[in-house]
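Q: The file below is my_file-v7.txt, compact mmCIF, C-alpha atoms and all ligand atoms:
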# COMPACT_ATOMS: atom_id res chain seq x y z
CA MET Q 1 24.81 -35.05 41.70
CA ARG Q 2 28.41 -33.92 41.74
CA PHE Q 3 30.19 -31.69 39.24
CA VAL Q 4 33.88 -32.04 38.47
CA SER Q 5 36.32 -29.80 36.63
CA THR Q 6 37.45 -30.73 33.11
CA ARG Q 7 41.02 -30.12 34.36
CA GLY Q 8 40.61 -32.63 37.18
CA VAL Q 9 42.40 -30.60 39.88
CA ALA Q 10 39.62 -28.58 41.58
CA PRO Q 11 37.47 -30.51 44.07
CA ALA Q 12 34.02 -31.75 43.05
CA VAL Q 13 31.14 -29.40 43.94
CA ASP Q 14 27.34 -29.51 43.95
CA ILE Q 15 25.13 -27.77 41.41
CA THR Q 16 24.69 -24.58 43.45
CA ALA Q 17 28.44 -24.00 43.70
CA ALA Q 18 28.91 -24.86 40.00
CA LEU Q 19 26.19 -22.36 39.01
CA ALA Q 20 27.60 -19.59 41.17
CA ALA Q 21 31.25 -20.11 40.23
CA GLY Q 22 31.17 -20.16 36.45
CA LEU Q 23 34.76 -21.33 36.00
CA ALA Q 24 36.28 -23.98 38.32
CA PRO Q 25 39.21 -22.72 40.45
CA ASP Q 26 41.70 -24.76 38.38
CA GLY Q 27 40.58 -22.92 35.24
CA GLY Q 28 38.49 -25.86 33.99
CA LEU Q 29 34.79 -26.10 33.19
CA TYR Q 30 32.35 -27.91 35.44
CA VAL Q 31 30.75 -31.08 34.06
CA PRO Q 32 28.25 -33.45 35.71
CA ASP Q 33 29.83 -36.68 36.95
CA PRO Q 34 28.36 -39.00 35.82
CA ILE Q 35 26.01 -37.74 33.11
CA PRO Q 36 22.57 -38.89 34.30
CA CYS Q 37 19.99 -40.79 32.24
CA ALA Q 38 16.83 -38.90 31.37
CA PRO Q 39 13.73 -39.93 33.34
CA PRO Q 40 10.75 -41.04 31.19
CA LEU Q 41 9.55 -38.05 29.13
CA ASP Q 42 6.25 -37.45 27.37
CA ALA Q 43 6.52 -36.06 23.82
CA ASP Q 44 3.22 -34.21 24.28
CA ALA Q 45 4.36 -32.35 27.39
CA ASP Q 46 5.15 -28.66 27.12
CA LEU Q 47 8.71 -27.36 27.08
CA ALA Q 48 8.78 -26.20 30.72
CA ASP Q 49 7.57 -29.60 31.87
CA ILE Q 50 10.14 -31.49 29.81
CA ALA Q 51 12.88 -29.13 31.03
CA SER Q 52 11.95 -29.67 34.65
CA ARG Q 53 11.93 -33.49 34.33
CA LEU Q 54 15.07 -33.66 32.20
CA LEU Q 55 17.05 -31.38 34.54
CA ALA Q 56 15.79 -32.91 37.80
CA PRO Q 57 18.68 -35.42 38.12
CA TYR Q 58 21.21 -32.54 38.08
CA PHE Q 59 19.41 -30.82 40.95
CA ASP Q 60 18.53 -33.75 43.24
CA ASP Q 61 19.86 -33.21 46.80
CA SER Q 62 20.23 -29.50 46.04
CA PRO Q 63 18.35 -26.61 47.66
CA LEU Q 64 17.00 -25.83 44.17
CA ALA Q 65 15.29 -29.22 43.65
CA ALA Q 66 11.89 -28.08 44.94
CA ALA Q 67 12.04 -24.79 43.02
CA LEU Q 68 13.04 -26.39 39.70
CA PRO Q 69 9.52 -26.73 38.20
CA ALA Q 70 8.76 -23.07 38.95
CA ILE Q 71 12.16 -21.94 37.61
CA CYS Q 72 11.53 -23.86 34.37
CA ALA Q 73 7.95 -22.61 34.05
CA ASP Q 74 9.16 -19.03 34.30
CA ALA Q 75 12.30 -19.42 32.14
CA PHE Q 76 10.60 -21.45 29.38
CA ASP Q 77 7.48 -19.34 28.97
CA PHE Q 78 7.83 -18.82 25.22
CA PRO Q 79 7.58 -21.43 22.46
CA ALA Q 80 10.30 -23.30 20.54
CA PRO Q 81 8.31 -24.53 17.53
CA ARG Q 82 9.56 -27.18 15.10
CA LEU Q 83 8.21 -26.06 11.74
CA PRO Q 84 8.40 -27.80 8.35
CA LEU Q 85 10.99 -26.25 6.04
CA ASP Q 86 9.32 -27.58 2.90
CA ASP Q 87 7.45 -30.80 2.09
CA SER Q 88 10.58 -32.99 2.22
CA GLY Q 89 10.37 -33.72 5.96
CA ASP Q 90 13.09 -31.23 6.93
CA ALA Q 91 12.25 -28.74 9.66
CA VAL Q 92 13.56 -25.70 11.49
CA LEU Q 93 13.60 -25.50 15.27
CA GLU Q 94 12.87 -21.82 15.99
CA LEU Q 95 14.60 -20.78 19.19
CA PHE Q 96 14.13 -17.03 18.76
CA HIS Q 97 10.74 -16.30 20.31
CA GLY Q 98 12.13 -14.94 23.59
CA PRO Q 99 12.60 -11.33 24.74
CA THR Q 100 15.79 -10.67 22.75
CA ALA Q 101 14.96 -12.84 19.73
CA ALA Q 102 17.89 -15.28 20.02
CA PHE Q 103 18.25 -18.74 21.56
CA LYS Q 104 20.42 -17.35 24.37
CA ASP Q 105 17.23 -16.18 26.10
CA PHE Q 106 16.56 -19.76 27.26
CA GLY Q 107 19.88 -20.17 29.05
CA ALA Q 108 20.08 -16.61 30.39
CA ARG Q 109 16.55 -16.73 31.82
CA PHE Q 110 17.16 -20.09 33.47
CA LEU Q 111 20.43 -18.89 35.01
CA ALA Q 112 18.83 -15.67 36.30
CA ARG Q 113 15.98 -17.53 37.97
CA ALA Q 114 18.23 -20.23 39.41
CA LEU Q 115 20.62 -17.66 40.92
CA GLY Q 116 17.59 -15.72 42.20
CA ALA Q 117 16.21 -18.81 43.93
CA LEU Q 118 19.55 -19.33 45.70
CA ARG Q 119 19.46 -15.91 47.37
CA HIS Q 120 18.61 -15.44 51.04
CA ASP Q 121 17.13 -12.35 52.68
CA GLY Q 122 19.85 -9.87 53.51
CA ASP Q 123 22.39 -11.23 50.97
CA PRO Q 124 24.35 -8.38 49.37
CA ASP Q 125 23.48 -7.48 45.77
CA VAL Q 126 25.34 -9.48 43.13
CA THR Q 127 26.81 -7.84 40.04
CA VAL Q 128 26.62 -9.99 36.92
CA LEU Q 129 29.48 -9.05 34.60
CA VAL Q 130 29.31 -9.84 30.87
CA ALA Q 131 31.49 -9.05 27.90
CA THR Q 132 29.53 -9.31 24.68
CA SER Q 133 29.80 -9.00 20.94
CA GLY Q 134 26.00 -8.60 20.83
CA ASP Q 135 23.52 -11.37 21.61
CA THR Q 136 24.81 -12.65 24.96
CA GLY Q 137 24.76 -9.26 26.64
CA ALA Q 138 21.21 -8.53 25.53
CA ALA Q 139 19.90 -11.92 26.69
CA VAL Q 140 21.62 -11.58 30.09
CA ALA Q 141 20.46 -7.96 30.53
CA ALA Q 142 16.87 -8.92 29.69
CA ALA Q 143 16.99 -11.96 31.99
CA PHE Q 144 18.13 -9.93 35.03
CA ASP Q 145 16.19 -6.76 34.14
CA ARG Q 146 14.65 -5.33 37.34
CA ARG Q 147 15.38 -8.51 39.35
CA PRO Q 148 15.85 -7.59 43.01
CA GLY Q 149 19.31 -8.41 44.34
CA PHE Q 150 21.07 -8.24 40.97
CA ARG Q 151 22.70 -5.63 38.81
CA VAL Q 152 24.18 -6.29 35.38
CA VAL Q 153 27.21 -4.58 33.89
CA VAL Q 154 27.59 -5.25 30.14
CA LEU Q 155 30.78 -4.36 28.27
CA TYR Q 156 30.70 -4.17 24.49
CA PRO Q 157 33.13 -2.87 21.85
CA ASP Q 158 31.94 0.60 20.82
CA GLY Q 159 31.11 0.81 17.11
CA ARG Q 160 31.56 -2.93 16.55
CA VAL Q 161 28.01 -4.09 17.21
CA SER Q 162 25.10 -3.18 14.95
CA PRO Q 163 22.93 -0.17 15.95
CA ARG Q 164 20.08 -2.57 16.75
CA GLN Q 165 22.34 -4.75 18.89
CA ALA Q 166 23.63 -1.66 20.75
CA HIS Q 167 20.05 -0.63 21.41
CA GLY Q 168 19.28 -4.09 22.78
CA LEU Q 169 22.11 -3.71 25.30
CA GLY Q 170 21.17 -0.28 26.60
CA CYS Q 171 17.36 -0.30 26.80
CA TRP Q 172 16.82 -1.99 30.20
CA GLY Q 173 15.99 -0.91 33.74
CA ASP Q 174 18.16 0.90 36.27
CA ASN Q 175 19.86 -2.29 37.40
CA VAL Q 176 21.44 -2.78 33.96
CA ARG Q 177 24.43 -0.64 33.01
CA ALA Q 178 25.80 -0.80 29.45
CA LEU Q 179 29.42 0.27 28.89
CA ARG Q 180 30.61 0.96 25.37
CA VAL Q 181 34.31 0.28 25.51
CA ALA Q 182 36.77 2.06 23.21
CA GLY Q 183 38.34 -1.23 22.15
CA THR Q 184 37.66 -4.70 20.79
CA PHE Q 185 35.61 -7.61 22.12
CA ASP Q 186 38.87 -9.15 23.36
CA ASP Q 187 39.53 -6.00 25.43
CA CYS Q 188 36.04 -6.36 26.97
CA GLN Q 189 36.64 -10.00 27.77
CA ARG Q 190 40.06 -9.27 29.27
CA LEU Q 191 38.58 -6.60 31.57
CA VAL Q 192 35.81 -8.93 32.74
CA LYS Q 193 38.29 -11.73 33.45
CA GLN Q 194 40.52 -9.34 35.35
CA ALA Q 195 37.62 -8.22 37.54
CA LEU Q 196 36.49 -11.81 38.16
CA GLY Q 197 40.05 -12.67 39.23
CA ASP Q 198 40.41 -9.63 41.54
CA ALA Q 199 39.88 -11.05 45.04
CA ALA Q 200 40.12 -7.65 46.74
CA LEU Q 201 37.40 -6.27 44.47
CA ARG Q 202 35.19 -9.32 44.92
CA ALA Q 203 35.40 -8.97 48.70
CA ARG Q 204 33.71 -5.57 48.30
CA VAL Q 205 31.49 -6.22 45.27
CA PRO Q 206 30.09 -9.76 44.91
CA LEU Q 207 30.46 -10.72 41.25
CA ALA Q 208 28.97 -13.43 39.06
CA SER Q 209 29.64 -14.22 35.43
CA ALA Q 210 27.17 -15.31 32.80
CA ASN Q 211 29.43 -16.24 29.91
CA SER Q 212 28.92 -19.16 27.57
CA ILE Q 213 30.74 -21.70 29.75
CA SER Q 214 28.19 -21.19 32.53
CA LEU Q 215 26.47 -24.50 33.36
CA GLY Q 216 23.33 -22.54 34.18
CA ARG Q 217 23.12 -21.58 30.52
CA LEU Q 218 24.26 -24.92 29.09
CA LEU Q 219 22.01 -27.42 30.92
CA PRO Q 220 18.60 -25.84 30.16
CA GLN Q 221 19.40 -25.79 26.45
CA ALA Q 222 19.23 -29.61 26.41
CA ALA Q 223 15.47 -29.36 26.98
CA TYR Q 224 14.47 -28.07 23.54
CA TYR Q 225 16.53 -30.76 21.84
CA ALA Q 226 14.92 -33.47 23.95
CA ARG Q 227 11.44 -32.23 23.17
CA ALA Q 228 12.03 -31.74 19.45
CA ALA Q 229 13.54 -35.25 19.24
CA LEU Q 230 10.66 -36.89 21.13
CA ARG Q 231 8.15 -35.19 18.83
CA GLN Q 232 10.11 -36.03 15.71
CA GLN Q 233 10.14 -39.68 16.74
CA ARG Q 234 6.46 -39.61 17.64
CA ASP Q 235 5.63 -38.13 14.21
CA THR Q 236 8.06 -40.01 11.95
CA GLY Q 237 9.29 -43.03 13.90
CA ALA Q 238 12.91 -41.93 13.39
CA PRO Q 239 15.40 -40.11 15.65
CA ALA Q 240 15.99 -36.42 14.99
CA ASN Q 241 19.15 -35.29 13.19
CA PHE Q 242 20.25 -31.72 13.97
CA ILE Q 243 22.27 -29.09 12.10
CA ILE Q 244 23.42 -26.46 14.63
CA PRO Q 245 24.92 -23.03 13.83
CA THR Q 246 27.95 -22.95 16.14
CA GLY Q 247 30.39 -20.49 17.69
CA ASN Q 248 31.39 -21.30 21.27
CA LEU Q 249 29.80 -24.77 21.11
CA GLY Q 250 27.33 -24.01 23.94
CA ASN Q 251 24.19 -24.87 22.01
CA ALA Q 252 25.82 -27.89 20.36
CA SER Q 253 27.20 -29.22 23.67
CA ALA Q 254 23.66 -29.08 25.04
CA CYS Q 255 22.46 -31.11 22.04
CA TRP Q 256 25.18 -33.71 22.61
CA LEU Q 257 24.25 -33.84 26.30
CA ALA Q 258 20.58 -34.38 25.44
CA ARG Q 259 21.54 -37.27 23.14
CA ARG Q 260 23.77 -38.81 25.79
CA MET Q 261 20.96 -38.65 28.37
CA GLY Q 262 18.74 -40.86 26.20
CA PRO Q 263 16.14 -38.99 24.13
CA PRO Q 264 16.03 -40.15 20.48
CA LEU Q 265 18.61 -37.89 18.85
CA GLY Q 266 20.49 -39.04 15.77
CA ASP Q 267 23.30 -37.19 14.01
CA ILE Q 268 24.70 -33.82 15.06
CA VAL Q 269 26.27 -31.58 12.41
CA LEU Q 270 27.89 -28.23 13.27
CA ALA Q 271 27.52 -25.31 10.88
CA CYS Q 272 30.37 -22.82 11.38
CA ASN Q 273 31.07 -19.58 9.54
CA ALA Q 274 34.46 -18.82 7.96
CA ASN Q 275 36.06 -19.38 11.38
CA ASP Q 276 36.90 -22.98 10.58
CA VAL Q 277 38.78 -24.26 13.63
CA LEU Q 278 36.12 -26.92 14.27
CA PRO Q 279 35.64 -28.12 10.67
CA ARG Q 280 39.41 -28.60 10.39
CA TYR Q 281 39.53 -30.50 13.67
CA PHE Q 282 36.62 -32.77 12.81
CA ASP Q 283 38.25 -33.46 9.43
CA GLY Q 284 41.29 -34.83 11.26
CA ALA Q 285 43.65 -31.87 11.81
CA PRO Q 286 44.98 -31.15 15.32
CA TYR Q 287 42.85 -28.72 17.35
CA THR Q 288 44.38 -25.30 16.60
CA PRO Q 289 42.61 -22.24 18.06
CA ALA Q 290 43.02 -19.10 15.94
CA ASP Q 291 42.15 -15.41 16.12
CA ALA Q 292 38.50 -14.80 15.32
CA ARG Q 293 37.66 -13.35 11.90
CA ALA Q 294 34.71 -11.00 11.33
CA THR Q 295 31.86 -12.55 9.30
CA LEU Q 296 28.19 -11.85 8.55
CA ALA Q 297 27.23 -14.35 11.27
CA ASN Q 298 28.96 -12.29 13.95
CA ALA Q 299 27.65 -14.16 17.01
CA MET Q 300 29.67 -17.13 15.73
CA ASP Q 301 32.94 -15.22 15.20
CA VAL Q 302 34.93 -17.43 17.56
CA GLY Q 303 38.44 -18.76 17.03
CA ALA Q 304 38.75 -20.73 20.28
CA PRO Q 305 35.35 -22.28 21.08
CA SER Q 306 35.10 -22.21 24.86
CA ASN Q 307 33.03 -25.37 25.30
CA PHE Q 308 35.44 -27.51 23.26
CA GLU Q 309 37.07 -28.44 26.56
CA ARG Q 310 33.81 -30.03 27.72
CA LEU Q 311 33.35 -32.09 24.55
CA ARG Q 312 36.92 -33.30 24.74
CA HIS Q 313 36.47 -34.27 28.39
CA TRP Q 314 33.39 -36.31 27.48
CA HIS Q 315 35.23 -38.46 24.91
CA VAL Q 316 38.11 -40.85 25.52
CA ASP Q 317 40.15 -39.49 22.61
CA ASP Q 318 40.01 -37.36 19.48
CA ALA Q 319 38.83 -40.29 17.37
CA ALA Q 320 35.82 -40.79 19.64
CA LEU Q 321 34.94 -37.08 19.54
CA ARG Q 322 35.34 -36.98 15.77
CA GLY Q 323 32.92 -39.89 15.60
CA ALA Q 324 30.31 -37.99 17.63
CA MET Q 325 29.65 -35.14 15.19
CA ARG Q 326 30.76 -33.48 11.98
CA ALA Q 327 31.40 -29.80 11.15
CA PHE Q 328 31.27 -27.65 8.01
CA SER Q 329 32.49 -24.11 7.32
CA VAL Q 330 30.22 -21.67 5.45
CA ASP Q 331 31.63 -18.45 3.98
CA ASP Q 332 29.87 -15.08 3.70
CA ALA Q 333 28.95 -15.55 0.05
CA ALA Q 334 27.19 -18.82 0.88
CA ILE Q 335 25.42 -17.14 3.83
CA ARG Q 336 24.05 -14.45 1.48
CA ALA Q 337 23.05 -17.07 -1.08
CA ALA Q 338 21.21 -19.17 1.53
CA ILE Q 339 19.24 -16.12 2.73
CA ALA Q 340 18.29 -15.17 -0.83
CA GLN Q 341 17.39 -18.78 -1.70
CA ALA Q 342 15.06 -19.14 1.30
CA ALA Q 343 13.26 -15.94 0.31
CA SER Q 344 12.87 -17.02 -3.31
CA ASP Q 345 11.59 -20.45 -2.19
CA GLY Q 346 8.95 -18.75 -0.04
CA ALA Q 347 10.55 -20.39 3.04
CA PRO Q 348 11.02 -18.55 6.37
CA VAL Q 349 13.79 -15.94 6.00
CA PRO Q 350 16.81 -16.98 8.13
CA CYS Q 351 19.19 -14.81 10.14
CA PRO Q 352 22.84 -15.06 8.94
CA HIS Q 353 23.61 -17.71 11.61
CA THR Q 354 20.65 -19.89 10.69
CA ALA Q 355 21.67 -19.43 7.04
CA THR Q 356 24.91 -21.34 7.74
CA GLY Q 357 22.75 -24.28 8.82
CA LEU Q 358 20.63 -24.08 5.67
CA ASP Q 359 23.74 -24.07 3.50
CA VAL Q 360 25.03 -27.17 5.29
CA LEU Q 361 21.69 -28.89 4.65
CA ARG Q 362 22.02 -28.04 0.95
CA ARG Q 363 25.50 -29.56 0.90
CA LEU Q 364 24.36 -32.74 2.67
CA ARG Q 365 21.59 -33.10 0.09
CA ALA Q 366 24.05 -32.51 -2.77
CA ALA Q 367 26.23 -35.28 -1.31
CA GLY Q 368 23.29 -37.71 -1.47
CA ASP Q 369 22.01 -37.62 2.13
CA THR Q 370 18.25 -38.27 2.04
CA ARG Q 371 17.46 -38.31 5.78
CA ALA Q 372 15.25 -35.69 7.45
CA TRP Q 373 17.17 -32.89 9.20
CA ILE Q 374 16.19 -30.25 11.74
CA VAL Q 375 18.07 -26.96 11.23
CA VAL Q 376 18.33 -24.93 14.42
CA ALA Q 377 17.21 -21.29 13.89
CA THR Q 378 19.23 -19.35 16.45
CA ALA Q 379 18.01 -15.75 15.97
CA HIS Q 380 15.20 -13.81 14.33
CA PRO Q 381 16.26 -12.26 10.98
CA ALA Q 382 15.05 -8.80 12.08
CA LYS Q 383 17.89 -8.69 14.59
CA PHE Q 384 20.35 -8.73 11.67
CA GLU Q 385 18.37 -6.61 9.25
CA SER Q 386 21.44 -4.88 7.83
CA VAL Q 387 22.66 -8.23 6.47
CA VAL Q 388 19.33 -9.85 5.66
CA GLU Q 389 17.38 -7.04 3.98
CA PRO Q 390 19.85 -6.38 1.13
CA CYS Q 391 19.85 -10.15 0.35
CA ILE Q 392 16.07 -10.35 -0.01
CA GLY Q 393 15.28 -6.86 -1.31
CA ARG Q 394 12.61 -6.10 1.26
CA SER Q 395 12.33 -5.30 4.95
CA VAL Q 396 11.77 -7.85 7.72
CA GLU Q 397 9.37 -6.97 10.49
CA ALA Q 398 10.69 -7.09 14.05
CA PRO Q 399 8.83 -9.52 16.34
CA PRO Q 400 6.85 -7.83 19.17
CA ALA Q 401 9.45 -8.27 21.94
CA LEU Q 402 12.23 -6.84 19.78
CA ALA Q 403 9.99 -3.99 18.59
CA ASP Q 404 9.22 -3.12 22.24
CA CYS Q 405 12.88 -2.98 23.08
CA LEU Q 406 13.66 -0.82 20.02
CA ALA Q 407 10.86 1.57 21.00
CA ARG Q 408 12.38 2.25 24.43
CA PRO Q 409 15.20 4.77 24.92
CA ALA Q 410 18.66 3.25 25.21
CA HIS Q 411 21.77 4.49 26.95
CA ALA Q 412 25.38 3.35 27.24
CA ASP Q 413 28.31 5.03 28.99
CA PRO Q 414 31.65 5.33 27.23
CA MET Q 415 34.60 3.65 28.94
CA ALA Q 416 38.33 3.47 28.22
CA PRO Q 417 39.65 -0.08 27.75
CA ASP Q 418 41.46 -0.01 31.07
CA TYR Q 419 40.93 -1.90 34.27
CA ASP Q 420 40.93 1.09 36.63
CA ALA Q 421 37.98 2.52 34.72
CA LEU Q 422 35.99 -0.72 35.13
CA ARG Q 423 36.95 -1.01 38.78
CA ALA Q 424 35.69 2.52 39.40
CA VAL Q 425 32.35 1.69 37.77
CA LEU Q 426 31.98 -1.50 39.83
CA LEU Q 427 32.82 0.24 43.10
CA GLY Q 428 30.69 3.27 42.27
C1 LIG P 1 25.54 -17.24 20.30
C2 LIG P 1 24.94 -17.49 18.97
C3 LIG P 1 25.31 -18.59 18.18
C4 LIG P 1 26.40 -19.54 18.59
O1 LIG P 1 26.04 -20.30 19.71
P1 LIG P 1 27.18 -21.10 20.55
O2 LIG P 1 26.46 -21.69 21.69
O3 LIG P 1 28.19 -20.07 20.95
O4 LIG P 1 27.77 -22.10 19.63
C5 LIG P 1 24.64 -18.81 16.98
N1 LIG P 1 23.67 -17.96 16.55
C6 LIG P 1 23.29 -16.89 17.28
C7 LIG P 1 22.23 -16.02 16.75
C8 LIG P 1 23.90 -16.62 18.51
O5 LIG P 1 23.52 -15.54 19.22
Do you think you could lay out the structure here as structure tokens?

A:
Amino acid sequence: MRFVSTRGVAPAVDITAALAAGLAPDGGLYVPDPIPCAPPLDADADLADIASRLLAPYFDDSPLAAALPAICADAFDFPAPRLPLDDSGDAVLELFHGPTAAFKDFGARFLARALGALRHDGDPDVTVLVATSGDTGAAVAAAFDRRPGFRVVVLYPDGRVSPRQAHGLGCWGDNVRALRVAGTFDDCQRLVKQALGDAALRARVPLASANSISLGRLLPQAAYYARAALRQQRDTGAPANFIIPTGNLGNASACWLARRMGPPLGDIVLACNANDVLPRYFDGAPYTPADARATLANAMDVGAPSNFERLRHWHVDDAALRGAMRAFSVDDAAIRAAIAQAASDGAPVPCPHTATGLDVLRRLRAAGDTRAWIVVATAHPAKFESVVEPCIGRSVEAPPALADCLARPAHADPMAPDYDALRAVLLG
């Protein structure tokens, strides 16, 4: 299988080069060419098994082909249950049962194990650099925690992540270094990009990135959509329709990819927060990236969704892409209302991101849609307790993995938002 750049200038590469590179040299994103069809899949199989079969076509002829089942077994070793929301046939797909209680654990764990399997004895250590506004950094740190041959350097904006999120970035082993940067998320991202583009530095310190455009995070996410859809069809005879809380379009691109490969997926609806670049585009306006605005669903505070370039590449024109999915914007008041409503209905309490999906479901119902929907639950509510608890008037208990992490000591080093400071850390 070959992978080409969305910008069409960089040469095609195989999966191992695409995984290691992150971004293509022409600045584009790697996409499989062509998108393969899924092999026959068994709805009763477990998630690791479905992942390994679904992903096999991407890895054929690669040195990772033989290791793929073991990589999937290790990366997908926690459940992704599809649970009824009420007795109407709607469901939630809970993707938050991993070590850091958000769906990003699936992609980060797969990437870590795939990069690990590509290493040879005697290879120099690789430094995985991540800028984060919260969830990504924790998932990547947990995925590489104590893995021989890797160290992780996480940059986050000091004072702009919740105390619990900060703890989740600084509570790992010696190979994970958290840097609290006196600046914004954009400063963190700029510093990481500068380091990744610094050839002289990279000659001395091998670097890898693990941001949301990484194929090693995107591809494995297709597996839980495929399995949920197969089971939905087995149980109801109809394809599965998904509502997906969306920021950088990583999770939603994986859903689109799963549908394109063949499993029985129906409609895809994106739930965005007040950052409404995608809802405007899907309603017919030109694509106009904007500065991100802060909302209660902070992991979706994105004004220029990085995977948009992949979706556009996969469709002949804007009309075709607009026909492939729809998008709605949900403001903070509606997020609070959806959390409170779930609690008063006796339904599972959502995190603020999942709450955007529940509000979109309510709006579809109000507009007369009677089909069954699966709302994707992207994080555990206990991770965002400062938003959730005031809405429901009681506390939410942290799941065991999150409680473990909160019980460990955490440490982060302060850093000025300047490149020399980061370079010194990386060379140190
Ligand atoms: C990252 C994240 C999202 C957004 O996912 P994208 O792949 O960026 O669209 C939604 N919810 C939570 C909890 C997240 O951490």

Q: Could you give me, as an NGL selection string, the residues that have an atom at most 12 Å away from the point (16.3, -15.8, 18.7) in the coordinates of the file, using all atoms listed in the file?

A: :Q and (78-81 or 93-107 or 135-136 or 138-139 or 299 or 350-354 or 376-384 or 398-399 or 401-402)

Q: Find the residues around Ser133 in chain Q up to 12 Å (only C-alpha atoms counted), leave out those fewer than 5 positions away in its own chain, and share them as an mmCIF file with C-alpha atoms, in the frame of the given file.

A:
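Everything below was put into part_6.cif:
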data_model
loop_
_atom_site.group_PDB
_atom_site.id
_atom_site.type_symbol
_atom_site.label_atom_id
_atom_site.label_comp_id
_atom_site.auth_asym_id
_atom_site.auth_seq_id
_atom_site.Cartn_x
_atom_site.Cartn_y
_atom_site.Cartn_z
ATOM 1 C CA ALA Q 138 21.210 -8.530 25.530
ATOM 2 C CA ALA Q 139 19.900 -11.920 26.690
ATOM 3 C CA VAL Q 154 27.590 -5.250 30.140
ATOM 4 C CA LEU Q 155 30.780 -4.360 28.270
ATOM 5 C CA TYR Q 156 30.700 -4.170 24.490
ATOM 6 C CA PRO Q 157 33.130 -2.870 21.850
ATOM 7 C CA ASP Q 158 31.940 0.600 20.820
ATOM 8 C CA GLY Q 159 31.110 0.810 17.110
ATOM 9 C CA ARG Q 160 31.560 -2.930 16.550
ATOM 10 C CA VAL Q 161 28.010 -4.090 17.210
ATOM 11 C CA SER Q 162 25.100 -3.180 14.950
ATOM 12 C CA GLN Q 165 22.340 -4.750 18.890
ATOM 13 C CA ALA Q 166 23.630 -1.660 20.750
ATOM 14 C CA GLY Q 168 19.280 -4.090 22.780
ATOM 15 C CA LEU Q 169 22.110 -3.710 25.300
ATOM 16 C CA ARG Q 180 30.610 0.960 25.370
ATOM 17 C CA VAL Q 181 34.310 0.280 25.510
ATOM 18 C CA GLY Q 183 38.340 -1.230 22.150
ATOM 19 C CA THR Q 184 37.660 -4.700 20.790
ATOM 20 C CA PHE Q 185 35.610 -7.610 22.120
ATOM 21 C CA ASP Q 186 38.870 -9.150 23.360
ATOM 22 C CA ASP Q 187 39.530 -6.000 25.430
ATOM 23 C CA CYS Q 188 36.040 -6.360 26.970
ATOM 24 C CA GLN Q 189 36.640 -10.000 27.770
ATOM 25 C CA ASN Q 211 29.430 -16.240 29.910
ATOM 26 C CA GLY Q 247 30.390 -20.490 17.690
ATOM 27 C CA ALA Q 292 38.500 -14.800 15.320
ATOM 28 C CA ALA Q 294 34.710 -11.000 11.330
ATOM 29 C CA ALA Q 297 27.230 -14.350 11.270
ATOM 30 C CA ASN Q 298 28.960 -12.290 13.950
ATOM 31 C CA ALA Q 299 27.650 -14.160 17.010
ATOM 32 C CA MET Q 300 29.670 -17.130 15.730
ATOM 33 C CA ASP Q 301 32.940 -15.220 15.200
ATOM 34 C CA VAL Q 302 34.930 -17.430 17.560
#

Q: How many Å separate CA of Leu201 in chain Q from CA of Leu426 in chain Q?

A: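 Between these atoms lies a distance of 8.6 Å.
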
Q: Pick the closest to Arg312 in chain Q from Q:Ala182, Q:Ala43, Q:Met261, Q:Leu249: which is it, counting all atoms listed in the file?

A: Q:Leu249

Q: I want to know what sits within 12 Å of Asp369 in chain Q, based on only C-alpha atoms, with residues of the same chain fewer than 5 positions away left out; could you give that as a PyMOL selection string?

A: chain Q and resi 90+241+267+360-364

Q: One decimal, Å: what's the distance from CA of Asp125 in chain Q over to CA of Ala178 in chain Q, could you say?

A: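 Distance between the two atoms: 17.8 Å.
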
Q: Go ahead and compute the interatomic distance for CA of Gly250 in chain Q and atom O3 of ligand LIG 1 (chain P), in Å to one decimal.

A: 5.0 Å

Q: Which of these, Q:Ala66, Q:Ala342, Q:Val4, Q:Ala229, has the shortest distance to Arg82 in chain Q once you count all atoms listed in the file?

A: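 The answer is Q:Ala229, which sits nearest to Arg82 in chain Q.
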
Q: So which one's closest to ligand LIG 1 (chain P), Q:Asp413, Q:Arg326, Q:Asn307, Q:Gln341? Using only C-alpha atoms and all ligand atoms, please.

A: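 Smallest distance to ligand LIG 1 (chain P) is found for Q:Asn307.
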
Q: I'd like the neighbourhood of Val205 in chain Q as a ChimeraX atom specification, where a residue qualifies if any of its atoms comes within 12 Å (using only C-alpha atoms), though same-chain residues fewer than 3 positions away should be ignored.

A: /Q:123-129,150-151,195-196,198-202,208,423-428

Q: So, with all atoms listed in the file as the atoms that count, which of Q:His313, Q:Arg53, Q:Arg217, Q:His411 lies closest to ligand LIG 1 (chain P)?

A: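 The closest residue to ligand LIG 1 (chain P) is Q:Arg217.
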
Q: Kindly indicate which residue among Q:Val9, Q:Leu296, Q:Arg259, Q:Ala203 lies nearest to ligand LIG 1 (chain P), using all atoms listed in the file for the distances.

A: Q:Leu296

Q: Looking at all atoms listed in the file, which of Q:Ala324, Q:Ala367, Q:Ala91, Q:Met1 is the one that sits closest to Pro57 in chain Q?

A: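 Between Q:Ala324, Q:Ala367, Q:Ala91, Q:Met1, the residue approaching Pro57 in chain Q most closely is Q:Met1.
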
Q: If the box runs along x, y and z of the file and leaves 8 Å on each side of ligand LIG 1 (chain P), what are its centre and edge lengths in Å, one decimal, as lines of an AutoDock Vina configuration file?

A:
center_x = 25.2
center_y = -18.8
center_z = 19.1
size_x = 22.0
size_y = 22.6
size_z = 21.1
